[in-house]
Amino acid sequence: MGKRIIISGAIIALALIIVSSANAELFHFVDRNGVIHFSNAPTDPRYKPFTGKKFSSYEPNRYSEKDFNKIIEQKSKKYKVDPALVKAVIRAESSFDPQAVSYAGAQGLMQLMPVTAVTLDVINPFDPEENIEGGVKYLRYLLSLFKNDLKLALAAYHAGEQNVAKHNGIPPIQQTRDYINKVLSFYKAYGGSIAAKQKQKEKPIYKVVTADGTVTFTNKPELYKNQQVYLLSMKDK
């Protein structure tokens with residue numbers, strides 16, 4: 001039996017280094033308390049593999065802007081997300097710094113929280129290719145969850161989908177509102193466009209007065225050819 005390694009979320013980086021050096025396949029699960037567990041010899045049915053990926057090292061100066069753009073294009077095409085949106089999120093989250101770490105612990109280009117990174121099968125959040133793949137995959141999930149409502153998806157990316165569900169819309173958090181505006185501004189600068197929902201043309205409403213004085217309202221005046229028909233203005237409605 002191989003050496004068993006079980007690590008919780010507080011020392012994820014150490015777990016990855018140990019497993020990498022042992023050249024072992026990595027399994028993980030997140031328990032109900034949000035603690036991440038790793039093992040190379042899983043005994044709990046909740047463990048699942050990291051899709052067979054191995055830990056990848058990252059050299060800070062290895063990637064150029066051209067490399068970032070290439071990765072963004074590839075992952076955006078894979079998950080059907082506008083590359084302009086991905087660039088906008090990266091710029092707002094990390095200003096394209098692969099080693100960025102927020103005060104809350106979010107990591108890498110798309111600022112993935114450790115638990116989120118694990119659920120997205122991201123082993124090394126500081127590797128641009130892994131981080132962008134995980135972030136774009138998460139964006140695709142949020143866009144699908146909120147029926148392509150971009151503002152709600154961005155609110156969930158910043159404040160969590162639970163917060164959006166709790167408030168039945170964008171949470172009343174100023175930082176989240178500022179974040180949405182910032183991303184949308186960058187998105188527009190990168191050539192993205194927010195498609196406005198086309199309003200269905202409303203049919204005018206008519207008032208029909210029959211011979212016996214009965215008043216009927218309808219949007220099909222052609223049905224009342226021999227009656228008195230009056231077009232209502234918006235003021236009358």
# chains A, B, ... in the order shown; residues from 1 in each chain; ligands from 1
>>> select_by_dssp(residues="stretch 19-198 of chain A", states="strand (DSSP E or B)", output="list in words")
Phe27, His28, Phe29, Val30, Ile36, His37, Phe38, Ser39, Lys48, Pro49, Val101, Gln107 and Leu112 of chain A
>>> write_last_selection(atoms="C-alpha atoms", output="compact mmCIF listing (two decimals), in the first residue's frame")
# COMPACT_ATOMS: atom_id res chain seq x y z
CA PHE A 27 -7.82 12.68 -4.82
CA HIS A 28 -9.88 15.23 -2.92
CA PHE A 29 -13.23 16.09 -1.40
CA VAL A 30 -14.70 19.09 0.44
CA ILE A 36 -10.59 20.32 1.80
CA HIS A 37 -9.14 16.82 2.18
CA PHE A 38 -6.45 15.33 -0.07
CA SER A 39 -5.21 11.76 -0.31
CA LYS A 48 -12.75 12.05 -6.38
CA PRO A 49 -9.69 12.39 -8.62
CA VAL A 101 -3.31 36.93 -3.54
CA GLN A 107 -5.37 33.35 -5.73
CA LEU A 112 -10.00 31.69 -7.21
>>> residues_around(residues="A:Leu231", least_positions_apart="2", cutoff="7 Å", atoms="only C-alpha atoms", output="number ranges by chain")
A: 205-207, 229, 233
>>> write_last_selection(atoms="N, CA and C atoms", output="compact mmCIF listing (two decimals), in the first residue's frame")
# COMPACT_ATOMS: atom_id res chain seq x y z
N ILE A 205 -54.27 49.07 -26.46
CA ILE A 205 -55.52 48.62 -25.85
C ILE A 205 -56.67 49.54 -26.27
N TYR A 206 -57.79 48.93 -26.56
CA TYR A 206 -58.97 49.69 -27.01
C TYR A 206 -60.11 49.48 -26.02
N LYS A 207 -60.96 50.52 -25.92
CA LYS A 207 -62.18 50.42 -25.12
C LYS A 207 -63.36 50.29 -26.08
N VAL A 229 -65.56 51.90 -30.78
CA VAL A 229 -64.21 51.50 -30.34
C VAL A 229 -63.36 52.74 -30.14
N SER A 233 -55.05 55.90 -24.61
CA SER A 233 -53.67 56.39 -24.54
C SER A 233 -53.04 55.78 -23.29
>>> atom_distance(atom1="atom CA of A:Val183", atom2="atom CA of A:Asp67")
21.6 Å
>>> residues_around(residues="A:Gln74", least_positions_apart="5", cutoff="12 Å", atoms="only C-alpha atoms", output="list in words")
Asp67, Phe68, Asn69, Tyr79, Lys80, Val81, Asp82, Pro83, Val86, Glu129, Ile132, Glu133, Val136 and Lys137 of chain A
>>> write_last_selection(atoms="N, CA and C atoms", output="mmCIF file, in the first residue's frame")
data_model
loop_
_atom_site.group_PDB
_atom_site.id
_atom_site.type_symbol
_atom_site.label_atom_id
_atom_site.label_comp_id
_atom_site.auth_asym_id
_atom_site.auth_seq_id
_atom_site.Cartn_x
_atom_site.Cartn_y
_atom_site.Cartn_z
ATOM 1 N N ASP A 67 0.945 34.976 -24.555
ATOM 2 C CA ASP A 67 0.590 33.654 -24.002
ATOM 3 C C ASP A 67 -0.755 33.720 -23.277
ATOM 4 N N PHE A 68 -0.950 34.779 -22.480
ATOM 5 C CA PHE A 68 -2.217 34.944 -21.766
ATOM 6 C C PHE A 68 -3.387 34.986 -22.749
ATOM 7 N N ASN A 69 -3.219 35.786 -23.801
ATOM 8 C CA ASN A 69 -4.290 35.930 -24.792
ATOM 9 C C ASN A 69 -4.612 34.603 -25.467
ATOM 10 N N TYR A 79 -15.383 26.736 -23.274
ATOM 11 C CA TYR A 79 -16.553 26.863 -22.392
ATOM 12 C C TYR A 79 -17.602 27.844 -22.917
ATOM 13 N N LYS A 80 -17.389 28.328 -24.143
ATOM 14 C CA LYS A 80 -18.371 29.223 -24.787
ATOM 15 C C LYS A 80 -18.628 30.482 -23.946
ATOM 16 N N VAL A 81 -17.543 31.151 -23.594
ATOM 17 C CA VAL A 81 -17.612 32.416 -22.862
ATOM 18 C C VAL A 81 -16.880 33.467 -23.701
ATOM 19 N N ASP A 82 -17.398 34.672 -23.764
ATOM 20 C CA ASP A 82 -16.773 35.738 -24.528
ATOM 21 C C ASP A 82 -15.374 36.025 -23.973
ATOM 22 N N PRO A 83 -14.310 35.904 -24.807
ATOM 23 C CA PRO A 83 -12.954 36.176 -24.313
ATOM 24 C C PRO A 83 -12.791 37.589 -23.771
ATOM 25 N N VAL A 86 -13.663 37.437 -20.162
ATOM 26 C CA VAL A 86 -12.602 36.798 -19.366
ATOM 27 C C VAL A 86 -11.471 37.790 -19.110
ATOM 28 N N GLU A 129 -2.479 28.813 -16.899
ATOM 29 C CA GLU A 129 -3.359 27.969 -17.698
ATOM 30 C C GLU A 129 -4.408 27.284 -16.832
ATOM 31 N N ILE A 132 -6.865 30.111 -15.386
ATOM 32 C CA ILE A 132 -7.808 30.636 -16.379
ATOM 33 C C ILE A 132 -8.844 29.582 -16.730
ATOM 34 N N GLU A 133 -8.422 28.331 -16.869
ATOM 35 C CA GLU A 133 -9.396 27.270 -17.171
ATOM 36 C C GLU A 133 -10.437 27.174 -16.058
ATOM 37 N N VAL A 136 -12.734 30.412 -16.101
ATOM 38 C CA VAL A 136 -13.667 30.446 -17.226
ATOM 39 C C VAL A 136 -14.760 29.392 -17.047
ATOM 40 N N LYS A 137 -14.365 28.247 -16.530
ATOM 41 C CA LYS A 137 -15.336 27.184 -16.249
ATOM 42 C C LYS A 137 -16.360 27.664 -15.218
#
>>> select_by_dssp(residues="stretch 97-236 of chain A", states="alpha helix (DSSP H)", output="PyMOL selection string")
chain A and resi 114-119+128-145+150-159+161-167+174-189
>>> closest_residue(among="A:Ile180, A:Pro45, A:Val208, A:Val89", to="A:Leu223", atoms="only C-alpha atoms")
A:Val208
>>> atom_distance(atom1="atom CA of A:Ile123", atom2="atom CA of A:Ile90")
18.8 Å
>>> residues_around(residues="A:Lys151", least_positions_apart="6", cutoff="9 Å", atoms="only C-alpha atoms", output="PyMOL selection string")
chain A and resi 170+180-181+184
>>> decode(residues="stretch 74-133 of chain A", atoms="C-alpha atoms", output="JSON list (two decimals), in the first residue's frame")
[["chain", "number", "residue", "atom", "x", "y", "z"],
["A", 74, "GLN", "CA", -8.62, 28.58, -26.01],
["A", 75, "LYS", "CA", -10.50, 28.34, -22.71],
["A", 76, "SER", "CA", -13.18, 30.82, -23.77],
["A", 77, "LYS", "CA", -13.87, 28.78, -26.89],
["A", 78, "LYS", "CA", -13.94, 25.57, -24.86],
["A", 79, "TYR", "CA", -16.55, 26.86, -22.39],
["A", 80, "LYS", "CA", -18.37, 29.22, -24.79],
["A", 81, "VAL", "CA", -17.61, 32.42, -22.86],
["A", 82, "ASP", "CA", -16.77, 35.74, -24.53],
["A", 83, "PRO", "CA", -12.95, 36.18, -24.31],
["A", 84, "ALA", "CA", -13.50, 39.91, -23.79],
["A", 85, "LEU", "CA", -15.39, 39.08, -20.59],
["A", 86, "VAL", "CA", -12.60, 36.80, -19.37],
["A", 87, "LYS", "CA", -10.02, 39.53, -19.97],
["A", 88, "ALA", "CA", -12.22, 42.05, -18.16],
["A", 89, "VAL", "CA", -12.58, 39.77, -15.12],
["A", 90, "ILE", "CA", -8.83, 39.08, -15.00],
["A", 91, "ARG", "CA", -8.03, 42.78, -15.24],
["A", 92, "ALA", "CA", -10.48, 43.63, -12.46],
["A", 93, "GLU", "CA", -9.41, 40.72, -10.26],
["A", 94, "SER", "CA", -5.61, 40.71, -10.53],
["A", 95, "SER", "CA", -4.46, 43.21, -13.18],
["A", 96, "PHE", "CA", -2.97, 40.18, -14.96],
["A", 97, "ASP", "CA", -0.69, 39.27, -12.04],
["A", 98, "PRO", "CA", -0.51, 35.42, -11.90],
["A", 99, "GLN", "CA", 0.85, 35.53, -8.34],
["A", 100, "ALA", "CA", -1.80, 37.86, -6.92],
["A", 101, "VAL", "CA", -3.31, 36.93, -3.54],
["A", 102, "SER", "CA", -6.20, 38.90, -2.04],
["A", 103, "TYR", "CA", -6.74, 39.69, 1.63],
["A", 104, "ALA", "CA", -9.45, 37.00, 1.62],
["A", 105, "GLY", "CA", -7.09, 34.37, 0.21],
["A", 106, "ALA", "CA", -8.21, 34.37, -3.46],
["A", 107, "GLN", "CA", -5.37, 33.35, -5.73],
["A", 108, "GLY", "CA", -3.98, 33.86, -9.21],
["A", 109, "LEU", "CA", -5.17, 35.65, -12.33],
["A", 110, "MET", "CA", -8.90, 35.04, -11.81],
["A", 111, "GLN", "CA", -8.65, 35.12, -8.01],
["A", 112, "LEU", "CA", -10.00, 31.69, -7.21],
["A", 113, "MET", "CA", -10.70, 30.91, -3.56],
["A", 114, "PRO", "CA", -8.99, 27.66, -2.45],
["A", 115, "VAL", "CA", -12.23, 25.72, -1.98],
["A", 116, "THR", "CA", -13.55, 26.92, -5.35],
["A", 117, "ALA", "CA", -10.26, 26.01, -7.02],
["A", 118, "VAL", "CA", -10.46, 22.47, -5.65],
["A", 119, "THR", "CA", -14.02, 21.97, -6.87],
["A", 120, "LEU", "CA", -12.87, 23.15, -10.31],
["A", 121, "ASP", "CA", -9.96, 20.67, -10.31],
["A", 122, "VAL", "CA", -7.37, 23.43, -10.17],
["A", 123, "ILE", "CA", -4.31, 22.02, -8.44],
["A", 124, "ASN", "CA", -1.97, 24.99, -8.83],
["A", 125, "PRO", "CA", -3.96, 28.27, -8.83],
["A", 126, "PHE", "CA", -0.78, 30.22, -9.62],
["A", 127, "ASP", "CA", -0.33, 28.47, -12.95],
["A", 128, "PRO", "CA", -2.00, 30.78, -15.53],
["A", 129, "GLU", "CA", -3.36, 27.97, -17.70],
["A", 130, "GLU", "CA", -4.94, 26.11, -14.77],
["A", 131, "ASN", "CA", -6.25, 29.29, -13.19],
["A", 132, "ILE", "CA", -7.81, 30.64, -16.38],
["A", 133, "GLU", "CA", -9.40, 27.27, -17.17]]
